[in-house]
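Below is one structure, written out as structure tokens; the observations come after it.
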Amino acid sequence: MKQIKITILSVVGLLSLGSCSDFLERYPQDEMNDQSYFTREIDLKYYMNGMYNDHLIRKTNNERWNVLNSGDKANDDYITSGPDGSLMRHSSSGLAGETSKTWNEAYDYIRKANYFLENAYKVKEMTNIGKHYLGEGYYCRAAKYFDLLTVFGGVPYIDKVLNVDSKDLYKPRSTRKYIAERIIADLDSAIVNLQWKGEGEAKSGRINKETALVMKTRVGLYEGSWEYYHGRKGTKFSVAGSDGKTFLVKAAEAGEMLIAKHKGNLFKGSKGNEYFEYFNQKDYEKIPGAFFYKVFSRDLAVTHKWVGDFSAGNEFGFTKSAIDAYVMKDGKPIEVSTVKLDNETLNELCSKKDPRLGQTIWYPERGRIYDWFPLFEHAYKTSYPGLIQRQQREPSYTGYRTWKGACFDYAETNNGEVDELIIRYEEGLLNFAEAKAILGTITQSDLDQSINYIRARVEMEGMKLAEVNSWSINYSKQNGYDPAETNIVNEIRRERRIELIIEGLRAMDIKRWALYDDVFNGWKPVGAYAQEFLDYWNSPEKLTADKFEFPFNEVKLIVGNNMDVIGEYINPFYKNADFKANSGRGYYINPDRDYLNAIPNEEITLYKNKAGVILEQNPGWF
């Protein structure tokens with residue numbers, strides 16, 4: 001049993017949810033007295049333990065790194081059993097909701113962070129122990145304001161605990177640029193105070209200096225590229241007078257600090273599983289590059305029940321768009337590679353493309369699913385994922401079933417201890433490289449210390465800057481590329497999509513590149529090469545060889561009956577009229593509205609009625 005070094009204690013009382021101002025006008029409803037409580041460094045630790053909840057870690061105790069709960073379902077990498085509602089805005093009027101759980105819970109959390117930061121300085125003669133927990137407090141406030149920034153843009157900025165008569169109780173929205181600046185400032189304070197992973201108080205599962213540095217690269221890249229691309233495109237979400245380059249520089253600087261500390265020290269699994277084994281570790285304490293993670297432990301009754309379902313059967317699948325993004329095994333896009341695909345079968349794709357593909361999706365050369373998960377009741381005796389319910393209880397509707405994150409230990413089914421990896425070094429390296437590429441300052445040395453560190457893990461050829469920029473490739477906006485950008489920017493985008501797939505960042509990326517409408521409007525996702533699945537599921541001989549146990553006539557695939565194709569590829573949404581091959585409209589978002597969520601109308605009314613303050617609505621909403 002792994003040893004847990006984080007104390008699960010909370011001194012923060014649970015508050016009922018209400019409007020933003022309701023949260024801000026109340027002191028925390030705990031029994032402690034802030035005059036006597038914040039006197040020892042251990043008090044800071046106990047308070048911060050209470051901040052390690054779902055608002056920071058994003059998951060509940062019985063769900064591990066589960067992509068379906070990551071908040072990133074609205075992307076072009078994978079689909080579930082039906083079209084995502086947030087991408088189906090054909091008939092959306094733009095009427096804002098009255099309330100927002102995201103808004104309310106964020107300000108509740110921020111208020112707790114403000115309370116801590118106001119009182120932490122009462123500890124006299126603070127050592128590196130207390131400073132570390134102070135750093136955690138700054139990180140928590142920054143992380144939650146970043147959540148608000150990505151959802152709403154500029155929001156009211158509150159950095160202190162307010163009374164019912166505080167003049168700042170009803171503040172107008174600050175600009176998104178100002179919010180981003182405050183986030184960076186908090187992260188800088190966190191970086192100064194936090195200890196490196198494994199040192200002092202930066203123990204298992206705790207925020208550390210590396211976590212804050214990666215977050216700084218994320219925030220700097222996000223806001224910098226948002227301002228840069230939305231400004232260049234002239235959207236309603238651009239920031240007047242700012243091109244974002246100041247933030248991009250911040251991202252690059254944070255990346256340089258990470259590289260100076262960790263260089264090429266990345267986790268590398270066993271041969272053939274170098275990438276795969278990164279995502280199913282029971283303890284990340286000594287795993288290089290795993291900076292922030294949620295600890296699961298039976299000793300502490302903090303376990304999950306996710307592994308069995310996710311490993312052996314889940315109702316989502318990767319899209320062909322995602323699979324096409326993978327470079328060939330020589331490290332080059334298919335357009336310029338000397339490696340040729342003979343066909344698009346699963347085995348061929350996984351043998352000819354980037355090794356990370358075969359460690360991310362299931363392919364038949366692995367054998368039967370049952371052979372890997374013999375104790376799971378829904379691990380079917382087949383070499384192929386199912387497309388319909390009778391084939392498998394939880395079919396993969398595109399045919400590209402997930403393998404990344406799978407765990408074979410049956411004991412993990414309802415008492416899982418596999419930790420949840422949340423923030424890792426590789427994202428920081430990718431953020432660094434992209435920021436420098438946009439700025440136009442990237443060098444071969446920069447690539448060697450970022451992208452090529454990552455590629456070396458799977459023994460794949462590195463990027464060569466001059467070579468990449470010499471390629472003649474038509475980059476498509478619908479795949480998230482920018483024809484107006486340099487090749488190196490587009491290839492770093494590709495690398496990012498491959499390395500970080502299903503880790504909750506793709507939708508954020510598409511929006512900051514000002515390509516949300518270009519990617520999704522009219523898009524109909526498709527899956528794997530259909531004939532391969534028809535040949536398997538309609539063959540009694542193949543099913544008999546795999547010892548499939550159900551009547552063969554009940555699992556046959558019939559185009560136009562229980563499956564459909566677009567071109568030669570599986571159409572996962574064929575039952576929906578909007579996704580018919582020749583007549584459907586596909587997805588649609590409003591490019592003048594849907595990049596940001598609506599400010600809740602309840603808040604707008606409250607600010608106006610209570611203080612005469614205008615809380616401006618986001619473009620396109622009313």
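Identifiers for the structure tokens are assigned positionally: chains receive A, B, ... in sequence, residues are indexed from 1 per chain, and ligands are indexed from 1 in the order shown.
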Determine, counting only C-alpha atoms, which protein, DNA and RNA residues have an atom within 10 Å of an atom of Tyr397 (chain A); residues of the same chain fewer than 6 positions away are not included. Present the result as a PDB file with all heavy atoms, in the first residue's frame.
```pdb
ATOM      1  N   TYR A  78     -12.502  13.604 -30.044  1.00  0.00           N
ATOM      2  CA  TYR A  78     -13.301  12.425 -29.739  1.00  0.00           C
ATOM      3  C   TYR A  78     -14.767  12.800 -29.610  1.00  0.00           C
ATOM      4  O   TYR A  78     -15.123  13.968 -29.428  1.00  0.00           O
ATOM      5  CB  TYR A  78     -12.810  11.744 -28.457  1.00  0.00           C
ATOM      6  CG  TYR A  78     -13.130  12.510 -27.203  1.00  0.00           C
ATOM      7  CD1 TYR A  78     -14.298  12.275 -26.490  1.00  0.00           C
ATOM      8  CD2 TYR A  78     -12.269  13.482 -26.722  1.00  0.00           C
ATOM      9  CE1 TYR A  78     -14.598  12.989 -25.348  1.00  0.00           C
ATOM     10  CE2 TYR A  78     -12.553  14.195 -25.582  1.00  0.00           C
ATOM     11  CZ  TYR A  78     -13.718  13.942 -24.895  1.00  0.00           C
ATOM     12  OH  TYR A  78     -14.020  14.653 -23.763  1.00  0.00           O
ATOM     13  N   ILE A  79     -15.614  11.800 -29.720  1.00  0.00           N
ATOM     14  CA  ILE A  79     -17.056  12.029 -29.577  1.00  0.00           C
ATOM     15  C   ILE A  79     -17.631  10.961 -28.640  1.00  0.00           C
ATOM     16  O   ILE A  79     -17.020   9.917 -28.405  1.00  0.00           O
ATOM     17  CB  ILE A  79     -17.784  12.012 -30.946  1.00  0.00           C
ATOM     18  CG1 ILE A  79     -17.559  10.681 -31.680  1.00  0.00           C
ATOM     19  CG2 ILE A  79     -17.293  13.145 -31.828  1.00  0.00           C
ATOM     20  CD1 ILE A  79     -18.630   9.667 -31.502  1.00  0.00           C
ATOM     21  N   THR A  80     -18.813  11.253 -28.114  1.00  0.00           N
ATOM     22  CA  THR A  80     -19.535  10.275 -27.310  1.00  0.00           C
ATOM     23  C   THR A  80     -20.674   9.718 -28.161  1.00  0.00           C
ATOM     24  O   THR A  80     -20.578   9.676 -29.376  1.00  0.00           O
ATOM     25  CB  THR A  80     -20.043  10.921 -26.015  1.00  0.00           C
ATOM     26  OG1 THR A  80     -20.864  12.040 -26.331  1.00  0.00           O
ATOM     27  CG2 THR A  80     -18.882  11.386 -25.146  1.00  0.00           C
ATOM     28  N   SER A  81     -21.753   9.312 -27.533  1.00  0.00           N
ATOM     29  CA  SER A  81     -22.817   8.632 -28.271  1.00  0.00           C
ATOM     30  C   SER A  81     -23.672   9.569 -29.109  1.00  0.00           C
ATOM     31  O   SER A  81     -24.451   9.105 -29.943  1.00  0.00           O
ATOM     32  CB  SER A  81     -23.719   7.875 -27.295  1.00  0.00           C
ATOM     33  OG  SER A  81     -24.272   8.767 -26.331  1.00  0.00           O
ATOM     34  N   GLY A  82     -23.576  10.861 -28.910  1.00  0.00           N
ATOM     35  CA  GLY A  82     -24.368  11.806 -29.680  1.00  0.00           C
ATOM     36  C   GLY A  82     -23.667  13.144 -29.807  1.00  0.00           C
ATOM     37  O   GLY A  82     -22.672  13.399 -29.118  1.00  0.00           O
ATOM     38  N   ASN A 314     -15.902   1.868 -23.075  1.00  0.00           N
ATOM     39  CA  ASN A 314     -16.412   3.207 -22.824  1.00  0.00           C
ATOM     40  C   ASN A 314     -17.126   3.691 -24.064  1.00  0.00           C
ATOM     41  O   ASN A 314     -16.801   3.301 -25.175  1.00  0.00           O
ATOM     42  CB  ASN A 314     -15.276   4.165 -22.452  1.00  0.00           C
ATOM     43  CG  ASN A 314     -14.147   4.108 -23.462  1.00  0.00           C
ATOM     44  OD1 ASN A 314     -14.297   4.578 -24.579  1.00  0.00           O
ATOM     45  ND2 ASN A 314     -13.029   3.523 -23.080  1.00  0.00           N
ATOM     46  N   GLU A 315     -18.098   4.539 -23.876  1.00  0.00           N
ATOM     47  CA  GLU A 315     -18.955   4.934 -24.991  1.00  0.00           C
ATOM     48  C   GLU A 315     -18.445   6.183 -25.696  1.00  0.00           C
ATOM     49  O   GLU A 315     -19.187   7.127 -25.923  1.00  0.00           O
ATOM     50  CB  GLU A 315     -20.383   5.123 -24.505  1.00  0.00           C
ATOM     51  CG  GLU A 315     -21.025   3.811 -24.065  1.00  0.00           C
ATOM     52  CD  GLU A 315     -22.498   3.967 -23.738  1.00  0.00           C
ATOM     53  OE1 GLU A 315     -22.979   5.114 -23.652  1.00  0.00           O
ATOM     54  OE2 GLU A 315     -23.167   2.935 -23.573  1.00  0.00           O
ATOM     55  N   PHE A 316     -17.186   6.201 -26.019  1.00  0.00           N
ATOM     56  CA  PHE A 316     -16.709   7.267 -26.873  1.00  0.00           C
ATOM     57  C   PHE A 316     -15.536   6.760 -27.699  1.00  0.00           C
ATOM     58  O   PHE A 316     -14.964   5.707 -27.424  1.00  0.00           O
ATOM     59  CB  PHE A 316     -16.337   8.528 -26.086  1.00  0.00           C
ATOM     60  CG  PHE A 316     -15.079   8.453 -25.291  1.00  0.00           C
ATOM     61  CD1 PHE A 316     -13.873   8.835 -25.846  1.00  0.00           C
ATOM     62  CD2 PHE A 316     -15.099   8.022 -23.983  1.00  0.00           C
ATOM     63  CE1 PHE A 316     -12.694   8.794 -25.104  1.00  0.00           C
ATOM     64  CE2 PHE A 316     -13.935   7.971 -23.240  1.00  0.00           C
ATOM     65  CZ  PHE A 316     -12.742   8.359 -23.790  1.00  0.00           C
ATOM     66  N   GLY A 317     -15.205   7.510 -28.721  1.00  0.00           N
ATOM     67  CA  GLY A 317     -14.120   7.096 -29.589  1.00  0.00           C
ATOM     68  C   GLY A 317     -13.439   8.295 -30.208  1.00  0.00           C
ATOM     69  O   GLY A 317     -14.034   9.377 -30.321  1.00  0.00           O
ATOM     70  N   PHE A 318     -12.206   8.107 -30.612  1.00  0.00           N
ATOM     71  CA  PHE A 318     -11.474   9.172 -31.295  1.00  0.00           C
ATOM     72  C   PHE A 318     -12.048   9.389 -32.695  1.00  0.00           C
ATOM     73  O   PHE A 318     -12.649   8.501 -33.296  1.00  0.00           O
ATOM     74  CB  PHE A 318      -9.992   8.815 -31.390  1.00  0.00           C
ATOM     75  CG  PHE A 318      -9.284   8.813 -30.079  1.00  0.00           C
ATOM     76  CD1 PHE A 318      -8.926   7.628 -29.459  1.00  0.00           C
ATOM     77  CD2 PHE A 318      -8.964  10.005 -29.452  1.00  0.00           C
ATOM     78  CE1 PHE A 318      -8.272   7.623 -28.244  1.00  0.00           C
ATOM     79  CE2 PHE A 318      -8.306  10.015 -28.244  1.00  0.00           C
ATOM     80  CZ  PHE A 318      -7.959   8.824 -27.635  1.00  0.00           C
ATOM     81  N   THR A 319     -11.815  10.573 -33.219  1.00  0.00           N
ATOM     82  CA  THR A 319     -12.255  10.902 -34.570  1.00  0.00           C
ATOM     83  C   THR A 319     -11.129  10.666 -35.568  1.00  0.00           C
ATOM     84  O   THR A 319      -9.948  10.644 -35.208  1.00  0.00           O
ATOM     85  CB  THR A 319     -12.681  12.374 -34.666  1.00  0.00           C
ATOM     86  OG1 THR A 319     -11.520  13.195 -34.438  1.00  0.00           O
ATOM     87  CG2 THR A 319     -13.759  12.704 -33.641  1.00  0.00           C
ATOM     88  N   PRO A 385     -13.125  -3.236 -31.520  1.00  0.00           N
ATOM     89  CA  PRO A 385     -14.164  -2.552 -30.746  1.00  0.00           C
ATOM     90  C   PRO A 385     -15.522  -2.746 -31.405  1.00  0.00           C
ATOM     91  O   PRO A 385     -15.621  -2.917 -32.621  1.00  0.00           O
ATOM     92  CB  PRO A 385     -13.748  -1.068 -30.810  1.00  0.00           C
ATOM     93  CG  PRO A 385     -12.313  -1.089 -31.213  1.00  0.00           C
ATOM     94  CD  PRO A 385     -12.130  -2.304 -32.062  1.00  0.00           C
ATOM     95  N   GLY A 386     -16.554  -2.732 -30.611  1.00  0.00           N
ATOM     96  CA  GLY A 386     -17.899  -2.800 -31.154  1.00  0.00           C
ATOM     97  C   GLY A 386     -18.388  -1.429 -31.575  1.00  0.00           C
ATOM     98  O   GLY A 386     -17.929  -0.403 -31.072  1.00  0.00           O
ATOM     99  N   LEU A 387     -19.349  -1.415 -32.504  1.00  0.00           N
ATOM    100  CA  LEU A 387     -19.957  -0.158 -32.947  1.00  0.00           C
ATOM    101  C   LEU A 387     -21.396  -0.037 -32.487  1.00  0.00           C
ATOM    102  O   LEU A 387     -21.978   1.046 -32.522  1.00  0.00           O
ATOM    103  CB  LEU A 387     -19.908  -0.062 -34.478  1.00  0.00           C
ATOM    104  CG  LEU A 387     -18.527  -0.100 -35.138  1.00  0.00           C
ATOM    105  CD1 LEU A 387     -18.674   0.030 -36.652  1.00  0.00           C
ATOM    106  CD2 LEU A 387     -17.623   0.990 -34.603  1.00  0.00           C
ATOM    107  N   ILE A 388     -21.998  -1.167 -32.088  1.00  0.00           N
ATOM    108  CA  ILE A 388     -23.385  -1.167 -31.632  1.00  0.00           C
ATOM    109  C   ILE A 388     -23.467  -1.925 -30.311  1.00  0.00           C
ATOM    110  O   ILE A 388     -22.558  -2.656 -29.931  1.00  0.00           O
ATOM    111  CB  ILE A 388     -24.331  -1.799 -32.677  1.00  0.00           C
ATOM    112  CG1 ILE A 388     -23.930  -3.259 -32.926  1.00  0.00           C
ATOM    113  CG2 ILE A 388     -24.321  -1.007 -33.971  1.00  0.00           C
ATOM    114  CD1 ILE A 388     -24.869  -4.009 -33.856  1.00  0.00           C
ATOM    115  N   GLN A 389     -24.589  -1.788 -29.615  1.00  0.00           N
ATOM    116  CA  GLN A 389     -24.732  -2.333 -28.272  1.00  0.00           C
ATOM    117  C   GLN A 389     -24.581  -3.847 -28.215  1.00  0.00           C
ATOM    118  O   GLN A 389     -23.973  -4.372 -27.295  1.00  0.00           O
ATOM    119  CB  GLN A 389     -26.095  -1.926 -27.689  1.00  0.00           C
ATOM    120  CG  GLN A 389     -26.191  -0.461 -27.316  1.00  0.00           C
ATOM    121  CD  GLN A 389     -25.330  -0.095 -26.127  1.00  0.00           C
ATOM    122  OE1 GLN A 389     -25.009  -0.934 -25.288  1.00  0.00           O
ATOM    123  NE2 GLN A 389     -24.943   1.164 -26.027  1.00  0.00           N
ATOM    124  N   VAL A 526     -16.197  11.840 -38.382  1.00  0.00           N
ATOM    125  CA  VAL A 526     -16.229  10.460 -38.844  1.00  0.00           C
ATOM    126  C   VAL A 526     -15.189   9.656 -38.088  1.00  0.00           C
ATOM    127  O   VAL A 526     -14.305  10.216 -37.428  1.00  0.00           O
ATOM    128  CB  VAL A 526     -15.976  10.354 -40.371  1.00  0.00           C
ATOM    129  CG1 VAL A 526     -17.071  11.070 -41.147  1.00  0.00           C
ATOM    130  CG2 VAL A 526     -14.599  10.910 -40.737  1.00  0.00           C
ATOM    131  N   GLY A 527     -15.307   8.338 -38.191  1.00  0.00           N
ATOM    132  CA  GLY A 527     -14.419   7.454 -37.472  1.00  0.00           C
ATOM    133  C   GLY A 527     -13.515   6.654 -38.388  1.00  0.00           C
ATOM    134  O   GLY A 527     -13.030   7.150 -39.411  1.00  0.00           O
ATOM    135  N   ALA A 528     -13.315   5.398 -38.033  1.00  0.00           N
ATOM    136  CA  ALA A 528     -12.348   4.541 -38.698  1.00  0.00           C
ATOM    137  C   ALA A 528     -12.839   4.076 -40.080  1.00  0.00           C
ATOM    138  O   ALA A 528     -14.013   4.244 -40.441  1.00  0.00           O
ATOM    139  CB  ALA A 528     -12.053   3.334 -37.816  1.00  0.00           C
ATOM    140  N   MET A 563     -25.681   0.973 -39.112  1.00  0.00           N
ATOM    141  CA  MET A 563     -24.476   1.802 -39.235  1.00  0.00           C
ATOM    142  C   MET A 563     -24.566   2.592 -40.534  1.00  0.00           C
ATOM    143  O   MET A 563     -25.403   2.310 -41.400  1.00  0.00           O
ATOM    144  CB  MET A 563     -23.200   0.955 -39.216  1.00  0.00           C
ATOM    145  CG  MET A 563     -22.921   0.199 -40.500  1.00  0.00           C
ATOM    146  SD  MET A 563     -21.249  -0.496 -40.590  1.00  0.00           S
ATOM    147  CE  MET A 563     -20.244   0.994 -40.652  1.00  0.00           C
ATOM    148  N   ILE A 570     -16.705   5.456 -40.912  1.00  0.00           N
ATOM    149  CA  ILE A 570     -17.858   5.285 -40.022  1.00  0.00           C
ATOM    150  C   ILE A 570     -18.463   6.635 -39.677  1.00  0.00           C
ATOM    151  O   ILE A 570     -17.762   7.574 -39.291  1.00  0.00           O
ATOM    152  CB  ILE A 570     -17.417   4.558 -38.736  1.00  0.00           C
ATOM    153  CG1 ILE A 570     -16.954   3.136 -39.060  1.00  0.00           C
ATOM    154  CG2 ILE A 570     -18.545   4.544 -37.707  1.00  0.00           C
ATOM    155  CD1 ILE A 570     -16.174   2.478 -37.921  1.00  0.00           C
ATOM    156  N   ASN A 571     -19.778   6.729 -39.813  1.00  0.00           N
ATOM    157  CA  ASN A 571     -20.521   7.924 -39.429  1.00  0.00           C
ATOM    158  C   ASN A 571     -21.166   7.662 -38.073  1.00  0.00           C
ATOM    159  O   ASN A 571     -22.207   7.009 -37.997  1.00  0.00           O
ATOM    160  CB  ASN A 571     -21.584   8.248 -40.477  1.00  0.00           C
ATOM    161  CG  ASN A 571     -22.445   9.452 -40.090  1.00  0.00           C
ATOM    162  OD1 ASN A 571     -22.143  10.143 -39.118  1.00  0.00           O
ATOM    163  ND2 ASN A 571     -23.507   9.693 -40.830  1.00  0.00           N
ATOM    164  N   PRO A 572     -20.585   8.147 -36.983  1.00  0.00           N
ATOM    165  CA  PRO A 572     -21.091   7.798 -35.648  1.00  0.00           C
ATOM    166  C   PRO A 572     -22.447   8.415 -35.318  1.00  0.00           C
ATOM    167  O   PRO A 572     -23.161   7.901 -34.464  1.00  0.00           O
ATOM    168  CB  PRO A 572     -20.001   8.322 -34.720  1.00  0.00           C
ATOM    169  CG  PRO A 572     -19.350   9.424 -35.480  1.00  0.00           C
ATOM    170  CD  PRO A 572     -19.399   9.017 -36.910  1.00  0.00           C
ATOM    171  N   PHE A 573     -22.808   9.515 -35.978  1.00  0.00           N
ATOM    172  CA  PHE A 573     -24.054  10.218 -35.651  1.00  0.00           C
ATOM    173  C   PHE A 573     -25.133  10.022 -36.728  1.00  0.00           C
ATOM    174  O   PHE A 573     -25.961  10.889 -36.950  1.00  0.00           O
ATOM    175  CB  PHE A 573     -23.777  11.717 -35.488  1.00  0.00           C
ATOM    176  CG  PHE A 573     -22.851  12.069 -34.355  1.00  0.00           C
ATOM    177  CD1 PHE A 573     -22.130  13.258 -34.376  1.00  0.00           C
ATOM    178  CD2 PHE A 573     -22.684  11.228 -33.266  1.00  0.00           C
ATOM    179  CE1 PHE A 573     -21.274  13.599 -33.333  1.00  0.00           C
ATOM    180  CE2 PHE A 573     -21.827  11.554 -32.225  1.00  0.00           C
ATOM    181  CZ  PHE A 573     -21.129  12.743 -32.260  1.00  0.00           C
TER     182      PHE A 573
END
```
Please give the complete set of residues from region 495-591 of chain A that DSSP, run on the backbone, assigns to helix (DSSP H, G or I), formatted as a PyMOL selection string. chain A and resi 495-499+506-512+516-520+530-537+540-545+552-554+577-579
Dump as a compact mmCIF listing (two decimals), in the first residue's frame, selection limited to N, CA, C and O atoms:
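Result written to again.txt:
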```txt
# COMPACT_ATOMS: atom_id res chain seq x y z
N GLU A 495 1.87 18.74 -32.79
CA GLU A 495 2.55 18.00 -31.71
C GLU A 495 1.77 18.11 -30.42
O GLU A 495 1.66 17.13 -29.65
N ARG A 496 1.23 19.26 -30.16
CA ARG A 496 0.43 19.49 -28.95
C ARG A 496 -0.81 18.60 -28.95
O ARG A 496 -1.16 17.99 -27.94
N ARG A 497 -1.46 18.52 -30.09
CA ARG A 497 -2.67 17.70 -30.19
C ARG A 497 -2.36 16.24 -29.93
O ARG A 497 -3.11 15.54 -29.24
N ILE A 498 -1.24 15.76 -30.45
CA ILE A 498 -0.85 14.36 -30.29
C ILE A 498 -0.47 14.06 -28.83
O ILE A 498 -0.99 13.13 -28.22
N GLU A 499 0.42 14.84 -28.28
CA GLU A 499 0.95 14.56 -26.95
C GLU A 499 -0.09 14.72 -25.85
O GLU A 499 -0.12 13.95 -24.89
N ARG A 506 -7.94 20.70 -25.62
CA ARG A 506 -8.13 20.94 -27.04
C ARG A 506 -9.12 22.06 -27.33
O ARG A 506 -8.86 22.93 -28.16
N ALA A 507 -10.27 22.08 -26.67
CA ALA A 507 -11.26 23.13 -26.95
C ALA A 507 -10.71 24.50 -26.60
O ALA A 507 -10.93 25.48 -27.32
N MET A 508 -9.96 24.59 -25.51
CA MET A 508 -9.34 25.84 -25.12
C MET A 508 -8.37 26.32 -26.20
O MET A 508 -8.31 27.51 -26.53
N ASP A 509 -7.61 25.37 -26.77
CA ASP A 509 -6.67 25.72 -27.82
C ASP A 509 -7.38 26.28 -29.05
O ASP A 509 -6.98 27.30 -29.61
N ILE A 510 -8.42 25.61 -29.49
CA ILE A 510 -9.13 26.02 -30.69
C ILE A 510 -9.71 27.43 -30.52
O ILE A 510 -9.67 28.25 -31.45
N LYS A 511 -10.20 27.73 -29.34
CA LYS A 511 -10.77 29.06 -29.09
C LYS A 511 -9.69 30.13 -29.06
O LYS A 511 -9.89 31.23 -29.60
N ARG A 512 -8.57 29.85 -28.43
CA ARG A 512 -7.53 30.89 -28.35
C ARG A 512 -6.90 31.15 -29.71
O ARG A 512 -6.38 32.24 -29.96
N TYR A 516 -12.59 28.56 -33.61
CA TYR A 516 -13.72 27.78 -33.11
C TYR A 516 -14.76 27.54 -34.21
O TYR A 516 -15.22 26.42 -34.42
N ASP A 517 -15.11 28.59 -34.91
CA ASP A 517 -16.09 28.45 -35.99
C ASP A 517 -15.49 27.76 -37.20
O ASP A 517 -16.16 26.97 -37.89
N ASP A 518 -14.23 28.01 -37.50
CA ASP A 518 -13.58 27.38 -38.65
C ASP A 518 -13.50 25.87 -38.48
O ASP A 518 -13.64 25.11 -39.45
N VAL A 519 -13.26 25.42 -37.27
CA VAL A 519 -13.13 23.99 -37.01
C VAL A 519 -14.49 23.30 -37.03
O VAL A 519 -14.64 22.22 -37.63
N PHE A 520 -15.49 23.92 -36.42
CA PHE A 520 -16.73 23.19 -36.17
C PHE A 520 -17.89 23.48 -37.11
O PHE A 520 -18.75 22.61 -37.30
N ALA A 530 -14.47 2.02 -42.55
CA ALA A 530 -15.65 1.21 -42.26
C ALA A 530 -15.52 -0.23 -42.72
O ALA A 530 -15.99 -1.16 -42.05
N GLN A 531 -14.90 -0.47 -43.89
CA GLN A 531 -14.87 -1.82 -44.45
C GLN A 531 -14.16 -2.80 -43.53
O GLN A 531 -14.52 -3.98 -43.46
N GLU A 532 -13.16 -2.33 -42.79
CA GLU A 532 -12.46 -3.20 -41.86
C GLU A 532 -13.41 -3.76 -40.81
O GLU A 532 -13.33 -4.94 -40.44
N PHE A 533 -14.32 -2.95 -40.34
CA PHE A 533 -15.28 -3.37 -39.31
C PHE A 533 -16.38 -4.24 -39.92
O PHE A 533 -16.84 -5.20 -39.29
N LEU A 534 -16.81 -3.92 -41.13
CA LEU A 534 -17.78 -4.76 -41.82
C LEU A 534 -17.21 -6.16 -42.04
O LEU A 534 -17.90 -7.17 -41.84
N ASP A 535 -15.95 -6.22 -42.45
CA ASP A 535 -15.31 -7.51 -42.71
C ASP A 535 -15.19 -8.35 -41.45
O ASP A 535 -15.27 -9.58 -41.51
N TYR A 536 -14.98 -7.70 -40.32
CA TYR A 536 -14.82 -8.45 -39.07
C TYR A 536 -16.17 -8.88 -38.51
O TYR A 536 -16.41 -10.07 -38.27
N TRP A 537 -17.06 -7.94 -38.30
CA TRP A 537 -18.30 -8.24 -37.59
C TRP A 537 -19.29 -9.05 -38.44
O TRP A 537 -20.22 -9.64 -37.89
N PRO A 540 -18.55 -14.87 -39.57
CA PRO A 540 -18.67 -15.90 -38.53
C PRO A 540 -17.33 -16.58 -38.25
O PRO A 540 -17.06 -16.97 -37.11
N GLU A 541 -16.50 -16.72 -39.28
CA GLU A 541 -15.21 -17.38 -39.09
C GLU A 541 -14.32 -16.58 -38.14
O GLU A 541 -13.68 -17.15 -37.24
N LYS A 542 -14.24 -15.27 -38.34
CA LYS A 542 -13.40 -14.43 -37.49
C LYS A 542 -13.95 -14.38 -36.06
O LYS A 542 -13.18 -14.41 -35.09
N LEU A 543 -15.26 -14.30 -35.94
CA LEU A 543 -15.87 -14.24 -34.61
C LEU A 543 -15.69 -15.57 -33.88
O LEU A 543 -15.46 -15.62 -32.67
N THR A 544 -15.79 -16.67 -34.62
CA THR A 544 -15.58 -17.98 -34.02
C THR A 544 -14.14 -18.13 -33.54
O THR A 544 -13.88 -18.65 -32.44
N ALA A 545 -13.20 -17.63 -34.35
CA ALA A 545 -11.78 -17.71 -33.97
C ALA A 545 -11.51 -16.93 -32.69
O ALA A 545 -10.66 -17.33 -31.88
N PHE A 552 -24.28 -14.64 -33.92
CA PHE A 552 -23.62 -13.81 -34.93
C PHE A 552 -24.60 -12.91 -35.67
O PHE A 552 -24.25 -11.79 -36.06
N ASN A 553 -25.81 -13.39 -35.89
CA ASN A 553 -26.78 -12.58 -36.66
C ASN A 553 -27.19 -11.32 -35.91
O ASN A 553 -27.69 -10.37 -36.52
N GLU A 554 -26.96 -11.29 -34.58
CA GLU A 554 -27.35 -10.12 -33.80
C GLU A 554 -26.29 -9.03 -33.79
O GLU A 554 -26.53 -7.93 -33.29
N ALA A 577 -30.39 13.66 -37.94
CA ALA A 577 -30.61 14.23 -39.28
C ALA A 577 -29.56 15.27 -39.64
O ALA A 577 -29.23 15.44 -40.82
N ASP A 578 -29.03 15.98 -38.65
CA ASP A 578 -28.03 17.01 -38.93
C ASP A 578 -26.69 16.43 -39.37
O ASP A 578 -25.81 17.18 -39.81
N PHE A 579 -26.54 15.11 -39.25
CA PHE A 579 -25.26 14.50 -39.59
C PHE A 579 -25.38 13.44 -40.69
O PHE A 579 -24.51 12.59 -40.85
```
Quick one: DSSP strand (DSSP E or B) residues in region 151-295 of chain A, as a ChimeraX atom specification? /A:290-294
Next, dump the selected residues to file, keeping only N, CA and C atoms, as a compact mmCIF listing (two decimals), in the first residue's frame.
```txt
# COMPACT_ATOMS: atom_id res chain seq x y z
N ALA A 290 5.81 14.37 -13.70
CA ALA A 290 4.47 14.37 -13.11
C ALA A 290 4.47 15.35 -11.95
N PHE A 291 4.04 16.57 -12.21
CA PHE A 291 4.19 17.63 -11.22
C PHE A 291 3.02 17.74 -10.25
N PHE A 292 1.80 17.68 -10.75
CA PHE A 292 0.64 17.80 -9.87
C PHE A 292 -0.32 16.68 -10.19
N TYR A 293 -0.76 15.99 -9.16
CA TYR A 293 -1.61 14.83 -9.37
C TYR A 293 -2.47 14.61 -8.13
N LYS A 294 -3.59 13.96 -8.35
CA LYS A 294 -4.47 13.64 -7.23
C LYS A 294 -4.13 12.25 -6.72
```
